[in-house]
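See below for protein-v9.txt, which holds compact mmCIF, C-alpha atoms.
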# COMPACT_ATOMS: atom_id res chain seq x y z
CA MET A 1 35.87 148.89 -17.77
CA LYS A 2 32.71 147.36 -16.35
CA VAL A 3 34.07 143.90 -17.16
CA PHE A 4 37.23 144.60 -15.19
CA ARG A 5 35.24 145.75 -12.15
CA THR A 6 33.17 142.61 -12.33
CA LEU A 7 36.29 140.46 -12.61
CA LEU A 8 37.82 142.32 -9.67
CA LYS A 9 34.73 141.67 -7.55
CA VAL A 10 34.82 137.98 -8.45
CA ALA A 11 38.54 137.79 -7.66
CA GLU A 12 38.02 139.56 -4.31
CA ARG A 13 35.22 137.16 -3.43
CA ASP A 14 37.37 134.16 -4.34
CA LEU A 15 40.27 135.57 -2.35
CA GLU A 16 38.04 135.99 0.71
CA THR A 17 36.86 132.39 0.32
CA VAL A 18 40.46 131.19 0.19
CA ARG A 19 41.39 133.33 3.21
CA ARG A 20 38.55 131.84 5.25
CA ALA A 21 39.46 128.31 4.21
CA LEU A 22 43.09 128.93 5.14
CA ALA A 23 42.11 130.35 8.53
CA ASP A 24 39.96 127.27 9.12
CA GLN A 25 42.82 124.93 8.24
CA ILE A 26 45.24 126.83 10.48
CA THR A 27 42.76 126.54 13.36
CA LYS A 28 42.35 122.82 12.75
CA GLN A 29 46.12 122.34 12.65
CA ALA A 30 46.55 124.24 15.91
CA ASN A 31 43.93 122.03 17.54
CA VAL A 32 45.70 118.88 16.32
CA VAL A 33 49.05 120.13 17.62
CA GLN A 34 47.47 120.91 20.97
CA ARG A 35 45.96 117.41 21.16
CA ILE A 36 49.32 115.86 20.26
CA HIS A 37 51.01 117.75 23.08
CA GLY A 38 48.30 116.59 25.48
CA HIS A 39 48.78 112.96 24.43
CA GLU A 40 52.55 113.26 24.73
CA GLN A 41 52.18 114.61 28.27
CA THR A 42 49.85 111.73 29.14
CA VAL A 43 52.39 109.21 27.80
CA ARG A 44 55.19 110.82 29.80
CA ASN A 45 53.07 110.69 32.97
CA GLU A 46 52.19 107.03 32.37
CA GLN A 47 55.84 106.18 31.77
CA MET A 48 56.85 107.93 34.97
CA LEU A 49 54.20 106.04 36.95
CA ALA A 50 55.23 102.74 35.37
CA GLN A 51 58.88 103.41 36.24
CA ARG A 52 57.90 104.22 39.82
CA ASP A 53 55.91 100.97 40.09
CA TYR A 54 58.79 99.02 38.58
CA ASP A 55 61.28 100.55 41.01
CA ALA A 56 58.98 99.86 43.95
CA ALA A 57 58.55 96.23 42.90
CA ASN A 58 62.32 95.81 42.56
CA ALA A 59 62.87 97.31 46.01
CA VAL A 60 60.43 94.81 47.50
CA LEU A 61 62.14 91.93 45.72
CA GLU A 62 65.57 93.05 46.87
CA GLU A 63 64.39 93.14 50.49
CA ALA A 64 63.12 89.59 50.29

Take the structure in this file and express it as structure tokens.
Amino acid sequence: MKVFRTLLKVAERDLETVRRALADQITKQANVVQRIHGHEQTVRNEQMLAQRDYDAANAVLEEA
């Protein structure tokens, strides 16, 4: 029986190691997703500004 208790302790320790590693990976993934969303928002803002500049330039050309 002592062998089984020892094996159980080893298995519990390994399980805790895996749980911590999984939690770390989930945190890293969440951070990556958050950064992606930030970059996407930046791209959308830049596109909107570029469209505004383009429209303004066309309006000036049409007046001329």

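Relative to atom CA of A:Ala30, atom CA of A:Asp14 is found at 24.3 Å.
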
Which value, in Å to one decimal, gives the distance between atom CA of A:Lys28 and atom CA of A:Ala11?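 The value is 25.6 Å.
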
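One distance worth recording is that between atom CA of A:Gln25 and atom CA of A:Gln41, which is 24.4 Å.
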
Set up a box along x, y and z of the file covering all listed atoms of stretch 23-31 of chain A, add 5 Å on every one of the six sides, and write the centre and edge lengths in Å to one decimal, as lines of an AutoDock Vina configuration file.
center_x = 43.3
center_y = 126.2
center_z = 12.9
size_x = 16.6
size_y = 18.3
size_z = 19.3

N, CA and C atoms for stretch 23-55 of chain A, written as a PDB file, keeping the file's coordinate frame, could you do that?
ATOM      1  N   ALA A  23      42.264 130.111   7.088  1.00  0.00           N
ATOM      2  CA  ALA A  23      42.110 130.350   8.530  1.00  0.00           C
ATOM      3  C   ALA A  23      41.518 129.121   9.215  1.00  0.00           C
ATOM      4  N   ASP A  24      40.564 128.481   8.573  1.00  0.00           N
ATOM      5  CA  ASP A  24      39.960 127.270   9.120  1.00  0.00           C
ATOM      6  C   ASP A  24      40.976 126.143   9.232  1.00  0.00           C
ATOM      7  N   GLN A  25      41.788 125.975   8.216  1.00  0.00           N
ATOM      8  CA  GLN A  25      42.820 124.930   8.240  1.00  0.00           C
ATOM      9  C   GLN A  25      43.877 125.208   9.302  1.00  0.00           C
ATOM     10  N   ILE A  26      44.252 126.469   9.459  1.00  0.00           N
ATOM     11  CA  ILE A  26      45.240 126.830  10.480  1.00  0.00           C
ATOM     12  C   ILE A  26      44.676 126.532  11.872  1.00  0.00           C
ATOM     13  N   THR A  27      43.408 126.836  12.076  1.00  0.00           N
ATOM     14  CA  THR A  27      42.760 126.540  13.360  1.00  0.00           C
ATOM     15  C   THR A  27      42.730 125.044  13.621  1.00  0.00           C
ATOM     16  N   LYS A  28      42.375 124.275  12.601  1.00  0.00           N
ATOM     17  CA  LYS A  28      42.350 122.820  12.750  1.00  0.00           C
ATOM     18  C   LYS A  28      43.736 122.271  13.070  1.00  0.00           C
ATOM     19  N   GLN A  29      44.752 122.800  12.399  1.00  0.00           N
ATOM     20  CA  GLN A  29      46.120 122.340  12.650  1.00  0.00           C
ATOM     21  C   GLN A  29      46.538 122.671  14.075  1.00  0.00           C
ATOM     22  N   ALA A  30      46.206 123.853  14.543  1.00  0.00           N
ATOM     23  CA  ALA A  30      46.550 124.240  15.910  1.00  0.00           C
ATOM     24  C   ALA A  30      45.880 123.318  16.916  1.00  0.00           C
ATOM     25  N   ASN A  31      44.637 122.952  16.646  1.00  0.00           N
ATOM     26  CA  ASN A  31      43.930 122.030  17.540  1.00  0.00           C
ATOM     27  C   ASN A  31      44.584 120.655  17.554  1.00  0.00           C
ATOM     28  N   VAL A  32      45.017 120.181  16.397  1.00  0.00           N
ATOM     29  CA  VAL A  32      45.700 118.880  16.320  1.00  0.00           C
ATOM     30  C   VAL A  32      47.006 118.923  17.087  1.00  0.00           C
ATOM     31  N   VAL A  33      47.775 119.992  16.905  1.00  0.00           N
ATOM     32  CA  VAL A  33      49.050 120.130  17.620  1.00  0.00           C
ATOM     33  C   VAL A  33      48.816 120.145  19.125  1.00  0.00           C
ATOM     34  N   GLN A  34      47.785 120.850  19.544  1.00  0.00           N
ATOM     35  CA  GLN A  34      47.470 120.910  20.970  1.00  0.00           C
ATOM     36  C   GLN A  34      47.097 119.518  21.506  1.00  0.00           C
ATOM     37  N   ARG A  35      46.321 118.771  20.747  1.00  0.00           N
ATOM     38  CA  ARG A  35      45.960 117.410  21.160  1.00  0.00           C
ATOM     39  C   ARG A  35      47.190 116.506  21.226  1.00  0.00           C
ATOM     40  N   ILE A  36      48.087 116.655  20.258  1.00  0.00           N
ATOM     41  CA  ILE A  36      49.320 115.860  20.260  1.00  0.00           C
ATOM     42  C   ILE A  36      50.116 116.130  21.518  1.00  0.00           C
ATOM     43  N   HIS A  37      50.259 117.406  21.865  1.00  0.00           N
ATOM     44  CA  HIS A  37      51.010 117.750  23.080  1.00  0.00           C
ATOM     45  C   HIS A  37      50.342 117.160  24.320  1.00  0.00           C
ATOM     46  N   GLY A  38      49.022 117.192  24.352  1.00  0.00           N
ATOM     47  CA  GLY A  38      48.300 116.590  25.480  1.00  0.00           C
ATOM     48  C   GLY A  38      48.554 115.098  25.572  1.00  0.00           C
ATOM     49  N   HIS A  39      48.531 114.408  24.436  1.00  0.00           N
ATOM     50  CA  HIS A  39      48.780 112.960  24.430  1.00  0.00           C
ATOM     51  C   HIS A  39      50.226 112.656  24.838  1.00  0.00           C
ATOM     52  N   GLU A  40      51.156 113.473  24.356  1.00  0.00           N
ATOM     53  CA  GLU A  40      52.550 113.260  24.730  1.00  0.00           C
ATOM     54  C   GLU A  40      52.745 113.418  26.233  1.00  0.00           C
ATOM     55  N   GLN A  41      52.081 114.410  26.821  1.00  0.00           N
ATOM     56  CA  GLN A  41      52.180 114.610  28.270  1.00  0.00           C
ATOM     57  C   GLN A  41      51.582 113.412  29.013  1.00  0.00           C
ATOM     58  N   THR A  42      50.474 112.894  28.517  1.00  0.00           N
ATOM     59  CA  THR A  42      49.850 111.730  29.140  1.00  0.00           C
ATOM     60  C   THR A  42      50.800 110.527  29.084  1.00  0.00           C
ATOM     61  N   VAL A  43      51.440 110.318  27.944  1.00  0.00           N
ATOM     62  CA  VAL A  43      52.390 109.210  27.800  1.00  0.00           C
ATOM     63  C   VAL A  43      53.550 109.372  28.769  1.00  0.00           C
ATOM     64  N   ARG A  44      54.086 110.587  28.866  1.00  0.00           N
ATOM     65  CA  ARG A  44      55.190 110.820  29.800  1.00  0.00           C
ATOM     66  C   ARG A  44      54.763 110.527  31.237  1.00  0.00           C
ATOM     67  N   ASN A  45      53.571 110.956  31.608  1.00  0.00           N
ATOM     68  CA  ASN A  45      53.070 110.690  32.970  1.00  0.00           C
ATOM     69  C   ASN A  45      52.915 109.194  33.215  1.00  0.00           C
ATOM     70  N   GLU A  46      52.371 108.484  32.234  1.00  0.00           N
ATOM     71  CA  GLU A  46      52.190 107.030  32.370  1.00  0.00           C
ATOM     72  C   GLU A  46      53.543 106.328  32.481  1.00  0.00           C
ATOM     73  N   GLN A  47      54.514 106.781  31.699  1.00  0.00           N
ATOM     74  CA  GLN A  47      55.840 106.180  31.770  1.00  0.00           C
ATOM     75  C   GLN A  47      56.478 106.414  33.137  1.00  0.00           C
ATOM     76  N   MET A  48      56.291 107.610  33.666  1.00  0.00           N
ATOM     77  CA  MET A  48      56.850 107.930  34.970  1.00  0.00           C
ATOM     78  C   MET A  48      56.203 107.062  36.058  1.00  0.00           C
ATOM     79  N   LEU A  49      54.887 106.896  35.979  1.00  0.00           N
ATOM     80  CA  LEU A  49      54.200 106.040  36.950  1.00  0.00           C
ATOM     81  C   LEU A  49      54.634 104.581  36.814  1.00  0.00           C
ATOM     82  N   ALA A  50      54.794 104.118  35.587  1.00  0.00           N
ATOM     83  CA  ALA A  50      55.230 102.740  35.370  1.00  0.00           C
ATOM     84  C   ALA A  50      56.641 102.534  35.915  1.00  0.00           C
ATOM     85  N   GLN A  51      57.524 103.511  35.714  1.00  0.00           N
ATOM     86  CA  GLN A  51      58.880 103.410  36.240  1.00  0.00           C
ATOM     87  C   GLN A  51      58.856 103.389  37.768  1.00  0.00           C
ATOM     88  N   ARG A  52      58.010 104.200  38.365  1.00  0.00           N
ATOM     89  CA  ARG A  52      57.900 104.220  39.820  1.00  0.00           C
ATOM     90  C   ARG A  52      57.417 102.867  40.351  1.00  0.00           C
ATOM     91  N   ASP A  53      56.402 102.285  39.678  1.00  0.00           N
ATOM     92  CA  ASP A  53      55.910 100.970  40.090  1.00  0.00           C
ATOM     93  C   ASP A  53      56.988  99.901  39.926  1.00  0.00           C
ATOM     94  N   TYR A  54      57.728  99.979  38.831  1.00  0.00           N
ATOM     95  CA  TYR A  54      58.790  99.020  38.580  1.00  0.00           C
ATOM     96  C   TYR A  54      59.867  99.119  39.663  1.00  0.00           C
ATOM     97  N   ASP A  55      60.267 100.340  39.968  1.00  0.00           N
ATOM     98  CA  ASP A  55      61.280 100.550  41.010  1.00  0.00           C
ATOM     99  C   ASP A  55      60.794 100.069  42.363  1.00  0.00           C
TER     100      ASP A  55
END
